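Structure data (CSV, C-alpha atoms) from final_36.csv:
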```
chain,number,residue,atom,x,y,z
M,800,MET,CA,-17.3,0.9,28.6
M,801,SER,CA,-15.2,-1.0,26.1
M,802,VAL,CA,-14.7,0.2,22.5
M,803,ARG,CA,-17.3,-1.2,20.0
M,804,VAL,CA,-15.7,-2.4,16.7
M,805,ALA,CA,-17.6,-3.5,13.6
M,806,ILE,CA,-15.8,-5.4,10.9
M,807,LEU,CA,-17.3,-5.2,7.4
M,808,GLY,CA,-16.5,-6.1,3.8
M,809,THR,CA,-16.2,-9.9,3.9
M,810,ARG,CA,-18.2,-13.0,3.1
M,811,GLY,CA,-18.3,-13.7,6.8
M,812,ILE,CA,-16.9,-15.9,9.5
M,813,PRO,CA,-16.0,-18.7,10.1
M,814,ASN,CA,-13.8,-18.3,7.0
M,815,LEU,CA,-15.1,-20.4,4.1
M,816,TYR,CA,-13.6,-18.3,1.3
M,817,GLY,CA,-10.3,-16.4,1.4
M,818,GLY,CA,-7.8,-14.0,2.9
M,819,PHE,CA,-10.0,-11.2,4.1
M,820,GLU,CA,-12.4,-13.7,5.7
M,821,GLN,CA,-9.5,-15.3,7.5
M,822,CYS,CA,-8.3,-11.8,8.6
M,823,ALA,CA,-11.8,-11.0,9.9
M,824,GLU,CA,-12.0,-14.3,11.9
M,825,MET,CA,-8.6,-14.0,13.5
M,826,LEU,CA,-8.6,-10.2,14.0
M,827,SER,CA,-12.1,-10.1,15.6
M,828,GLN,CA,-11.4,-12.9,18.1
M,829,GLY,CA,-8.0,-11.4,19.0
M,830,LEU,CA,-9.6,-8.0,19.6
M,831,VAL,CA,-12.2,-9.6,21.9
M,832,ARG,CA,-9.4,-11.1,23.9
M,833,SER,CA,-7.9,-7.6,24.2
M,834,GLY,CA,-11.1,-6.2,25.7
M,835,TYR,CA,-12.9,-4.8,22.6
M,836,ARG,CA,-16.5,-5.5,21.8
M,837,VAL,CA,-16.5,-6.8,18.3
M,838,THR,CA,-19.2,-7.5,15.7
M,839,VAL,CA,-18.6,-9.1,12.3
M,840,TYR,CA,-21.2,-8.8,9.6
M,841,ASN,CA,-22.1,-12.0,7.6
M,842,PRO,CA,-24.2,-12.3,4.5
M,843,ASP,CA,-27.6,-13.9,5.2
M,844,TRP,CA,-26.7,-17.0,3.2
M,845,HIS,CA,-23.6,-17.8,5.3
M,846,PRO,CA,-24.1,-21.4,6.6
M,847,TYR,CA,-22.9,-20.6,10.2
M,848,GLU,CA,-26.0,-20.3,12.3
M,849,SER,CA,-24.8,-19.2,15.7
M,850,GLY,CA,-24.8,-15.5,16.5
M,851,GLU,CA,-21.4,-15.8,18.3
M,852,LEU,CA,-17.9,-17.1,17.5
M,853,GLY,CA,-15.1,-16.9,20.1
M,854,GLY,CA,-16.7,-14.0,21.9
M,855,VAL,CA,-17.4,-12.2,18.6
M,856,GLN,CA,-21.0,-11.1,17.8
M,857,ILE,CA,-22.1,-12.2,14.4
M,858,ARG,CA,-24.8,-10.1,12.7
M,859,LYS,CA,-26.3,-11.5,9.4
M,860,ARG,CA,-27.7,-9.0,6.9
M,861,TYR,CA,-29.2,-9.4,3.4
M,862,CYS,CA,-26.8,-9.9,0.5
M,863,PRO,CA,-28.4,-10.6,-2.9
M,864,GLU,CA,-25.1,-12.0,-4.4
M,865,LYS,CA,-26.9,-15.1,-5.8
M,866,LYS,CA,-29.2,-12.8,-7.8
M,867,LEU,CA,-26.9,-9.9,-8.7
M,868,GLY,CA,-23.4,-11.4,-8.5
M,869,PRO,CA,-20.6,-9.0,-7.4
M,870,LEU,CA,-22.9,-5.9,-7.7
M,871,ALA,CA,-24.7,-7.2,-4.7
M,872,HIS,CA,-21.9,-6.3,-2.4
M,873,PHE,CA,-22.5,-2.6,-2.9
M,874,ILE,CA,-25.9,-3.1,-1.5
M,875,TYR,CA,-24.7,-5.5,1.2
M,876,ASP,CA,-22.0,-3.2,2.5
M,877,GLY,CA,-24.4,-0.2,2.6
M,878,ILE,CA,-26.8,-2.2,4.7
M,879,CYS,CA,-24.1,-3.4,7.0
M,880,LEU,CA,-22.6,0.1,7.4
M,881,TRP,CA,-26.0,1.7,8.2
M,882,ASP,CA,-26.7,-1.1,10.7
M,883,ALA,CA,-23.3,-0.5,12.3
M,884,MET,CA,-24.0,3.2,12.7
M,885,ARG,CA,-27.4,2.5,14.2
M,886,SER,CA,-25.9,0.0,16.6
M,887,GLY,CA,-23.5,2.5,18.0
M,888,ALA,CA,-20.1,1.3,16.7
M,889,ASP,CA,-17.2,3.4,17.7
M,890,VAL,CA,-14.9,2.1,15.0
M,891,VAL,CA,-15.7,0.5,11.6
M,892,ILE,CA,-13.0,-1.6,10.0
M,893,GLU,CA,-13.7,-2.0,6.2
M,894,LEU,CA,-11.7,-4.9,4.7
M,895,GLY,CA,-11.4,-3.7,1.2
M,896,TYR,CA,-12.6,-0.5,-0.6
M,897,GLN,CA,-14.3,-1.7,-3.8
M,898,SER,CA,-17.8,-2.2,-2.4
M,899,SER,CA,-17.5,0.0,0.6
M,900,SER,CA,-16.4,3.3,-1.0
M,901,LEU,CA,-19.9,4.2,-2.4
M,902,SER,CA,-21.4,3.5,1.0
M,903,LEU,CA,-18.9,5.7,2.7
M,904,LEU,CA,-19.6,8.5,0.1
M,905,LEU,CA,-23.4,8.3,0.5
M,906,LEU,CA,-23.5,7.7,4.3
M,907,ARG,CA,-20.6,9.9,5.4
M,908,PRO,CA,-22.8,12.7,6.8
M,909,PHE,CA,-24.4,10.1,9.1
M,910,ILE,CA,-21.3,8.3,10.2
M,911,ARG,CA,-20.1,9.2,13.7
M,912,ALA,CA,-17.7,6.2,14.0
M,913,LYS,CA,-14.1,6.3,12.9
M,914,VAL,CA,-13.6,4.4,9.7
M,915,ILE,CA,-10.4,2.3,9.1
M,916,THR,CA,-10.1,0.9,5.6
M,917,ASN,CA,-7.7,-1.8,4.6
M,918,MET,CA,-6.9,-0.8,1.1
M,919,ASP,CA,-6.0,-4.3,-0.2
M,920,GLY,CA,-3.9,-4.5,-3.4
M,921,LEU,CA,-3.9,-2.6,-6.7
M,922,GLU,CA,-7.2,-4.2,-7.8
M,923,TRP,CA,-7.6,-2.0,-10.8
M,924,LYS,CA,-4.5,-3.7,-12.4
M,925,ARG,CA,-6.1,-7.1,-12.6
M,926,ALA,CA,-6.0,-8.2,-16.2
M,927,LYS,CA,-9.5,-9.8,-16.1
M,928,TRP,CA,-11.2,-6.4,-15.7
M,929,SER,CA,-12.4,-4.4,-18.7
M,930,PRO,CA,-11.1,-0.9,-19.1
M,931,ALA,CA,-14.4,0.5,-17.8
M,932,VAL,CA,-14.2,-1.7,-14.7
M,933,ARG,CA,-10.6,-0.7,-14.1
M,934,ARG,CA,-11.5,3.0,-14.2
M,935,ALA,CA,-14.4,2.4,-11.9
M,936,THR,CA,-12.1,0.6,-9.5
M,937,GLN,CA,-9.6,3.4,-9.5
M,938,PHE,CA,-12.5,5.8,-8.7
M,939,PHE,CA,-13.6,3.6,-5.8
M,940,GLU,CA,-10.0,3.6,-4.6
M,941,ARG,CA,-10.0,7.4,-4.5
M,942,LEU,CA,-13.2,7.4,-2.5
M,943,GLY,CA,-11.8,4.9,0.0
M,944,VAL,CA,-8.8,7.1,0.6
M,945,ARG,CA,-10.9,10.3,0.8
M,946,PHE,CA,-13.6,9.1,3.1
M,947,SER,CA,-11.7,7.0,5.6
M,948,ASP,CA,-10.3,8.3,8.9
M,949,SER,CA,-7.4,5.8,8.7
M,950,LEU,CA,-5.9,3.7,5.9
M,951,VAL,CA,-4.2,0.3,6.4
M,952,ALA,CA,-1.7,-1.0,3.8
M,953,ASP,CA,-0.9,-4.7,4.2
M,954,ASN,CA,2.5,-4.2,2.5
M,955,GLY,CA,5.2,-1.5,2.3
M,956,GLY,CA,4.7,-1.4,-1.5
M,957,ILE,CA,1.1,-0.5,-1.0
M,958,ALA,CA,2.0,2.2,1.6
M,959,ASP,CA,4.4,3.7,-0.9
M,960,TYR,CA,1.8,3.7,-3.6
M,961,LEU,CA,-0.8,5.4,-1.4
M,962,LYS,CA,1.7,8.1,-0.4
M,963,GLU,CA,2.9,8.7,-4.0
M,964,GLN,CA,-0.6,8.6,-5.6
M,965,TYR,CA,-2.6,10.4,-3.0
M,966,GLY,CA,-0.2,11.9,-0.5
M,967,ALA,CA,-1.9,9.7,2.1
M,968,ASP,CA,-0.3,8.2,5.2
M,969,SER,CA,-1.2,4.7,6.1
M,970,ALA,CA,-0.5,2.2,8.8
M,971,THR,CA,1.4,-0.8,7.4
M,972,ILE,CA,-0.2,-3.9,8.9
M,973,ALA,CA,0.3,-7.2,7.1
M,974,TYR,CA,-1.9,-10.3,7.1
M,975,GLY,CA,-1.2,-12.9,9.7
M,976,VAL,CA,-0.7,-16.7,9.3
M,977,ASP,CA,-1.1,-19.6,11.6
M,978,TYR,CA,2.3,-20.6,12.9
M,979,PRO,CA,3.4,-23.3,13.3
M,980,PRO,CA,1.3,-24.6,10.5
M,981,GLU,CA,-0.5,-28.0,10.3
M,982,PHE,CA,0.5,-30.6,7.7
M,983,ASP,CA,-1.2,-33.6,6.1
M,984,ASP,CA,1.3,-35.6,4.0
M,985,SER,CA,-1.4,-37.9,2.7
M,986,VAL,CA,-1.7,-35.4,-0.2
M,987,LEU,CA,1.5,-36.7,-1.6
M,988,GLU,CA,0.1,-40.2,-2.0
M,989,GLU,CA,-3.2,-38.8,-3.4
M,990,HIS,CA,-1.3,-37.2,-6.2
M,991,ASN,CA,1.5,-39.7,-6.6
M,992,LEU,CA,4.2,-37.2,-5.6
M,993,VAL,CA,7.7,-37.8,-4.2
M,994,SER,CA,9.0,-35.3,-1.6
M,995,GLY,CA,11.5,-32.8,-3.1
M,996,GLN,CA,10.9,-33.9,-6.7
M,997,PHE,CA,8.3,-31.5,-8.0
M,998,ALA,CA,7.9,-27.8,-8.5
M,999,LEU,CA,4.7,-26.1,-7.3
M,1000,VAL,CA,2.3,-23.3,-8.2
M,1001,ILE,CA,-0.7,-22.4,-6.0
M,1002,ALA,CA,-2.8,-19.6,-7.4
M,1003,ARG,CA,-6.0,-18.5,-9.1
M,1004,LEU,CA,-5.4,-19.1,-12.8
M,1005,GLU,CA,-5.5,-15.4,-13.8
M,1006,PRO,CA,-3.0,-13.5,-16.0
M,1007,GLU,CA,-1.7,-11.2,-13.2
M,1008,ASN,CA,-0.4,-14.3,-11.3
M,1009,ASN,CA,2.1,-15.0,-14.1
M,1010,ILE,CA,1.5,-18.8,-14.3
M,1011,GLU,CA,2.0,-18.7,-18.1
M,1012,LEU,CA,5.4,-17.2,-17.6
M,1013,VAL,CA,6.4,-20.0,-15.1
M,1014,LEU,CA,5.1,-22.7,-17.3
M,1015,GLN,CA,6.9,-21.3,-20.4
M,1016,GLY,CA,10.1,-21.2,-18.4
M,1017,HIS,CA,9.6,-24.7,-17.3
M,1018,ALA,CA,9.1,-25.8,-20.9
M,1019,ASP,CA,12.3,-24.0,-22.0
M,1020,ALA,CA,14.3,-25.4,-19.1
M,1021,GLY,CA,13.6,-29.0,-19.9
M,1022,VAL,CA,14.3,-30.1,-16.3
M,1023,ASP,CA,13.1,-33.4,-14.9
M,1024,LEU,CA,11.0,-31.7,-12.2
M,1025,PRO,CA,7.3,-31.8,-13.0
M,1026,VAL,CA,5.2,-28.8,-12.2
M,1027,ILE,CA,2.0,-29.2,-10.1
M,1028,VAL,CA,-0.5,-26.4,-10.6
M,1029,VAL,CA,-3.1,-26.0,-7.9
M,1030,GLY,CA,-6.0,-23.8,-8.8
M,1031,GLY,CA,-9.4,-24.0,-10.5
M,1032,THR,CA,-9.1,-24.3,-14.3
M,1033,ASP,CA,-12.6,-23.0,-15.1
M,1034,THR,CA,-11.5,-19.4,-15.8
M,1035,LEU,CA,-10.8,-18.3,-19.4
M,1036,HIS,CA,-7.1,-18.0,-18.6
M,1037,GLY,CA,-7.1,-21.4,-16.9
M,1038,LYS,CA,-8.6,-23.1,-19.9
M,1039,MET,CA,-6.0,-21.5,-22.1
M,1040,LEU,CA,-3.2,-22.7,-19.8
M,1041,THR,CA,-4.4,-26.3,-19.7
M,1042,GLU,CA,-4.8,-26.4,-23.5
M,1043,GLN,CA,-1.3,-25.0,-24.0
M,1044,PHE,CA,0.8,-26.6,-21.3
M,1045,ALA,CA,-0.9,-29.7,-19.9
M,1046,SER,CA,1.4,-32.7,-20.3
M,1047,ASP,CA,2.9,-35.6,-18.3
M,1048,ASN,CA,5.4,-33.0,-16.9
M,1049,VAL,CA,2.8,-30.3,-16.1
M,1050,ARG,CA,-0.2,-31.4,-14.0
M,1051,PHE,CA,-3.2,-29.3,-13.3
M,1052,VAL,CA,-4.8,-30.8,-10.2
M,1053,GLY,CA,-7.6,-28.2,-9.7
M,1054,GLY,CA,-8.4,-26.4,-6.5
M,1055,ILE,CA,-7.3,-27.8,-3.1
M,1056,TYR,CA,-8.8,-26.0,-0.1
M,1057,ASP,CA,-7.6,-28.2,2.7
M,1058,GLN,CA,-4.9,-26.0,4.4
M,1059,PRO,CA,-2.9,-28.8,6.0
M,1060,LYS,CA,-2.7,-30.5,2.6
M,1061,LEU,CA,-1.6,-27.3,0.9
M,1062,ASN,CA,1.0,-26.8,3.6
M,1063,SER,CA,2.4,-30.3,2.9
M,1064,LEU,CA,2.6,-29.6,-0.8
M,1065,ARG,CA,4.6,-26.5,-0.1
M,1066,GLN,CA,6.9,-28.1,2.4
M,1067,HIS,CA,7.7,-31.1,0.1
M,1068,SER,CA,8.1,-29.1,-3.1
M,1069,ALA,CA,11.5,-28.6,-4.6
M,1070,VAL,CA,10.5,-25.0,-5.3
M,1071,CYS,CA,7.3,-23.1,-4.9
M,1072,PHE,CA,6.7,-20.4,-7.5
M,1073,HIS,CA,4.7,-17.3,-6.3
M,1074,GLY,CA,3.7,-15.2,-9.3
M,1075,HIS,CA,1.2,-12.8,-7.8
M,1076,SER,CA,1.9,-9.3,-9.0
M,1077,VAL,CA,-1.0,-6.9,-8.1
M,1078,GLY,CA,-1.6,-7.5,-4.4
M,1079,GLY,CA,0.1,-6.5,-1.3
M,1080,THR,CA,1.1,-9.1,1.2
M,1081,ASN,CA,-0.5,-12.2,-0.4
M,1082,PRO,CA,-1.6,-14.8,2.1
M,1083,SER,CA,-0.4,-17.6,-0.1
M,1084,LEU,CA,3.2,-16.2,0.1
M,1085,ILE,CA,3.4,-16.0,3.8
M,1086,GLU,CA,1.7,-19.4,4.1
M,1087,ALA,CA,4.5,-20.8,1.9
M,1088,MET,CA,7.1,-19.2,4.1
M,1089,ALA,CA,5.6,-20.6,7.2
M,1090,ALA,CA,5.4,-24.1,5.7
M,1091,GLY,CA,9.1,-24.1,4.8
M,1092,SER,CA,8.9,-23.7,1.1
M,1093,LEU,CA,11.9,-22.8,-1.1
M,1094,ILE,CA,10.2,-19.8,-2.8
M,1095,ALA,CA,10.7,-18.2,-6.1
M,1096,ALA,CA,8.7,-15.0,-6.5
M,1097,HIS,CA,7.7,-12.6,-9.2
M,1098,ASP,CA,9.9,-9.5,-9.0
M,1099,ASN,CA,7.8,-6.6,-7.7
M,1100,PRO,CA,7.9,-4.3,-4.7
M,1101,PHE,CA,5.2,-6.2,-2.8
M,1102,ASN,CA,6.9,-9.6,-2.9
M,1103,ARG,CA,10.3,-8.0,-2.3
M,1104,SER,CA,9.0,-6.3,0.9
M,1105,VAL,CA,8.0,-9.6,2.3
M,1106,LEU,CA,10.8,-11.9,1.2
M,1107,GLU,CA,13.9,-10.5,3.0
M,1108,ASN,CA,16.1,-13.6,2.7
M,1109,THR,CA,16.3,-14.4,-1.0
M,1110,ASP,CA,17.4,-13.2,-4.4
M,1111,ARG,CA,15.3,-15.8,-6.2
M,1112,PHE,CA,13.0,-13.5,-8.1
M,1113,PHE,CA,11.8,-13.8,-11.7
M,1114,SER,CA,10.3,-11.3,-14.2
M,1115,GLY,CA,10.8,-13.4,-17.4
M,1116,SER,CA,10.8,-17.0,-18.5
M,1117,ASP,CA,14.6,-16.9,-18.7
M,1118,ASP,CA,14.7,-16.2,-14.9
M,1119,VAL,CA,12.4,-19.3,-14.4
M,1120,VAL,CA,14.8,-21.4,-16.4
M,1121,ARG,CA,17.8,-20.2,-14.2
M,1122,ILE,CA,15.9,-20.9,-11.0
M,1123,LEU,CA,14.8,-24.4,-12.1
M,1124,GLU,CA,18.2,-25.4,-13.2
M,1125,ALA,CA,19.8,-24.1,-10.0
M,1126,THR,CA,17.1,-25.9,-7.9
M,1127,GLN,CA,17.6,-29.2,-9.6
M,1128,ALA,CA,21.4,-28.8,-9.1
M,1129,ASN,CA,20.9,-27.8,-5.5
M,1130,GLU,CA,23.1,-24.8,-5.9
M,1131,SER,CA,22.1,-22.8,-2.8
M,1132,SER,CA,22.1,-22.8,1.0
M,1133,TYR,CA,18.4,-23.5,1.1
M,1134,PRO,CA,18.0,-24.7,4.7
M,1135,ASP,CA,19.4,-21.5,6.0
M,1136,GLU,CA,17.1,-19.4,3.8
M,1137,ILE,CA,14.0,-21.5,4.8
M,1138,GLU,CA,14.7,-21.1,8.5
M,1139,LYS,CA,15.2,-17.3,8.2
M,1140,ASN,CA,11.8,-17.2,6.4
M,1141,LYS,CA,10.2,-19.1,9.3
M,1142,SER,CA,11.8,-16.7,11.8
M,1143,THR,CA,10.4,-13.7,9.8
M,1144,ILE,CA,6.9,-15.3,9.9
M,1145,ASN,CA,7.1,-15.9,13.7
M,1146,LYS,CA,8.2,-12.3,14.4
M,1147,LYS,CA,6.2,-10.2,11.9
M,1148,TYR,CA,3.2,-12.2,10.6
M,1149,ASN,CA,1.8,-14.0,13.6
M,1150,TRP,CA,-1.8,-13.1,14.5
M,1151,ASP,CA,-1.0,-11.9,18.0
M,1152,TYR,CA,1.3,-9.3,16.5
M,1153,ILE,CA,-1.2,-8.3,13.8
M,1154,VAL,CA,-4.0,-7.9,16.4
M,1155,GLU,CA,-1.8,-5.8,18.5
M,1156,GLN,CA,-1.1,-3.5,15.6
M,1157,TYR,CA,-4.7,-3.1,14.7
M,1158,ALA,CA,-5.6,-2.4,18.4
M,1159,ARG,CA,-2.9,0.3,18.4
M,1160,GLU,CA,-4.4,1.9,15.2
M,1161,ILE,CA,-8.0,1.7,16.7
M,1162,ASP,CA,-6.8,3.6,19.8
M,1163,ARG,CA,-4.9,6.1,17.7
M,1164,VAL,CA,-7.8,6.9,15.4
M,1165,LEU,CA,-10.2,7.3,18.4
M,1166,GLU,CA,-7.9,10.0,19.8
M,1167,GLN,CA,-8.3,12.1,16.6
M,1168,PRO,CA,-10.8,15.0,16.8
```

Let me see the file written as structure tokens.
Amino acid sequence: MSVRVAILGTRGIPNLYGGFEQCAEMLSQGLVRSGYRVTVYNPDWHPYESGELGGVQIRKRYCPEKKLGPLAHFIYDGICLWDAMRSGADVVIELGYQSSSLSLLLLRPFIRAKVITNMDGLEWKRAKWSPAVRRATQFFERLGVRFSDSLVADNGGIADYLKEQYGADSATIAYGVDYPPEFDDSVLEEHNLVSGQFALVIARLEPENNIELVLQGHADAGVDLPVIVVGGTDTLHGKMLTEQFASDNVRFVGGIYDQPKLNSLRQHSAVCFHGHSVGGTNPSLIEAMAAGSLIAAHDNPFNRSVLENTDRFFSGSDDVVRILEATQANESSYPDEIEKNKSTINKKYNWDYIVEQYAREIDRVLEQP
């Protein structure tokens, strides 16, 4: 009998939301092709109506998110975990620990399956959280480490943190990315852009993504390259940024969720700034690498562990000034760097390789007593 795997912790598949949902969709179908029996749990309000996707069984369960907001996911994950136990899952893969850790604590005596938890990034460092929420998130992190049979770190920096903070070993398995990517160059005409003549930022407009630092550096540099900022501006930080920096040379275009169009923006930008600082392997970063962006990244262990072929990192606005001036002057062997990034994606971040690593971890944890 094939191994039964349940994947929990997301807003469901097909992916309509973000990185963990994309991981659930690609991982589940890849595991099915490798001979595993896989179930993915969807909230009851997910619009996909079929009970199957690419050989993956989809099980919908009650999630009161529209009534309770984020608190609903503690209830939803508990319902899903209990159902997975009753359904005889051999392995449960929890994508994230924030909402799952309390379920693991309360239901651990009843859990016979092996639990693999992807620990995500350092969520408690996000600036938008209050001190109380940060402390609670750190508590959930400790529970996730304690009550999981196996931990997955999506980045070497996260693996180092788990070892230093908890003495816990983890399997380092990154996110995957579609390669080669699809492109839709119509986005350039839509936004009146010329290839190679704009800088780019794609991110949620939150403090930990360092957009303010990039825009201040751009203002200080005084270069001709306009900055295109892709991301919803309805957050408090987003409203502050638009009030402070919006101009003819800094354009906030809102959220764009069409992946081929995002890929084309990345491919045609003169430089793509990646300011994420609290996550592990951020999907946006590897998508930029796959699309052929010239990337400038915030200087932290997570981004450095992914970007092997560049020294274009920034930690202050003066670094952004230097990068923009060098980019405009074309003072680097950019084509070589871009091709090396694509090669890295093809070798280390393709979904077949990611699925193979998860399958290996599933088999390893099942051999444990």

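For the choices M:Gly854, M:Pro1006, M:Gly829, M:Pro1100, the atom-to-atom distance to His1036 (chain M) is smallest for M:Pro1006 when using all atoms listed in the file.
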
Near region 882-903 of chain M, 12 Å: region 944-1054 of chain M residue rows, closest pairs, only C-alpha atoms, as JSON lines:
```
{"residue": "M:Val944", "atom": "CA", "partner": "M:Tyr896", "partner_atom": "CA", "distance": 8.6}
{"residue": "M:Arg945", "atom": "CA", "partner": "M:Ser900", "partner_atom": "CA", "distance": 9.1}
{"residue": "M:Phe946", "atom": "CA", "partner": "M:Leu903", "partner_atom": "CA", "distance": 6.3}
{"residue": "M:Ser947", "atom": "CA", "partner": "M:Leu903", "partner_atom": "CA", "distance": 7.9}
{"residue": "M:Asp948", "atom": "CA", "partner": "M:Val890", "partner_atom": "CA", "distance": 9.8}
{"residue": "M:Ser949", "atom": "CA", "partner": "M:Ile892", "partner_atom": "CA", "distance": 9.4}
{"residue": "M:Leu950", "atom": "CA", "partner": "M:Glu893", "partner_atom": "CA", "distance": 9.7}
{"residue": "M:Val951", "atom": "CA", "partner": "M:Leu894", "partner_atom": "CA", "distance": 9.3}
{"residue": "M:Ala952", "atom": "CA", "partner": "M:Gly895", "partner_atom": "CA", "distance": 10.4}
{"residue": "M:Asp953", "atom": "CA", "partner": "M:Leu894", "partner_atom": "CA", "distance": 10.8}
{"residue": "M:Tyr974", "atom": "CA", "partner": "M:Leu894", "partner_atom": "CA", "distance": 11.4}
```

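Compared by their closest atoms to Gly995 (chain M), and using all atoms listed in the file, the residues M:Ile1094, M:Ala805, M:Val1164, M:Ala1069 rank with M:Ala1069 nearest.
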
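Counting all atoms listed in the file and comparing M:His872, M:Lys1146, M:Arg1121, M:Arg836, the residue that lies closest to Ile857 (chain M) is M:Arg836.
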
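Going from CA of Lys1139 (chain M) to CA of Ile1055 (chain M) covers 27.3 Å.
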
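Of the residues listed (M:Gln1167, M:Ser1114, M:Gln1066, M:Asn991), M:Gln1066 shows the shortest atom-to-atom separation from Lys1141 (chain M); distances use only C-alpha atoms.
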
Need to verify the contact set: Glu851 (chain M), 12 Å, only C-alpha atoms, exclusion of same-chain residues closer than 6 positions in sequence. Can you return it as a PyMOL selection string? chain M and resi 812-813+824+827-828+831+836-841+857-859

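The space separating CA of Pro1134 (chain M) from CA of Asp1117 (chain M) comes to 24.9 Å.
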
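As for CA of Gly1021 (chain M) and CA of Ser1092 (chain M), they are spaced 22.2 Å apart.
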
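Look at region 1037-1047 of chain M: the protein and nucleic acid residues within 10 Å of it, using all atoms listed in the file and passing over chain neighbours fewer than 2 places away, are Arg1003, Leu1004, Glu1005, Pro1006, Ile1010, Glu1011, Leu1014, Gln1015, His1017, Ala1018, Pro1025, Val1026, Val1028, Gly1030, Gly1031, Thr1032, Asp1033, Thr1034, Leu1035, Val1049, Arg1050, Phe1051 and Gly1053 of chain M.
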
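Across M:Tyr835, M:Phe1072, M:Tyr847, M:Tyr965, the tightest approach to Arg810 (chain M) is made by M:Tyr847 when counting only C-alpha atoms.
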
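Nearest-residue note for Thr1126 (chain M): choosing from M:Asn1140, M:Ser1068, M:Asn1008, M:Gln821, the minimum distance belongs to M:Ser1068, counting all atoms listed in the file.
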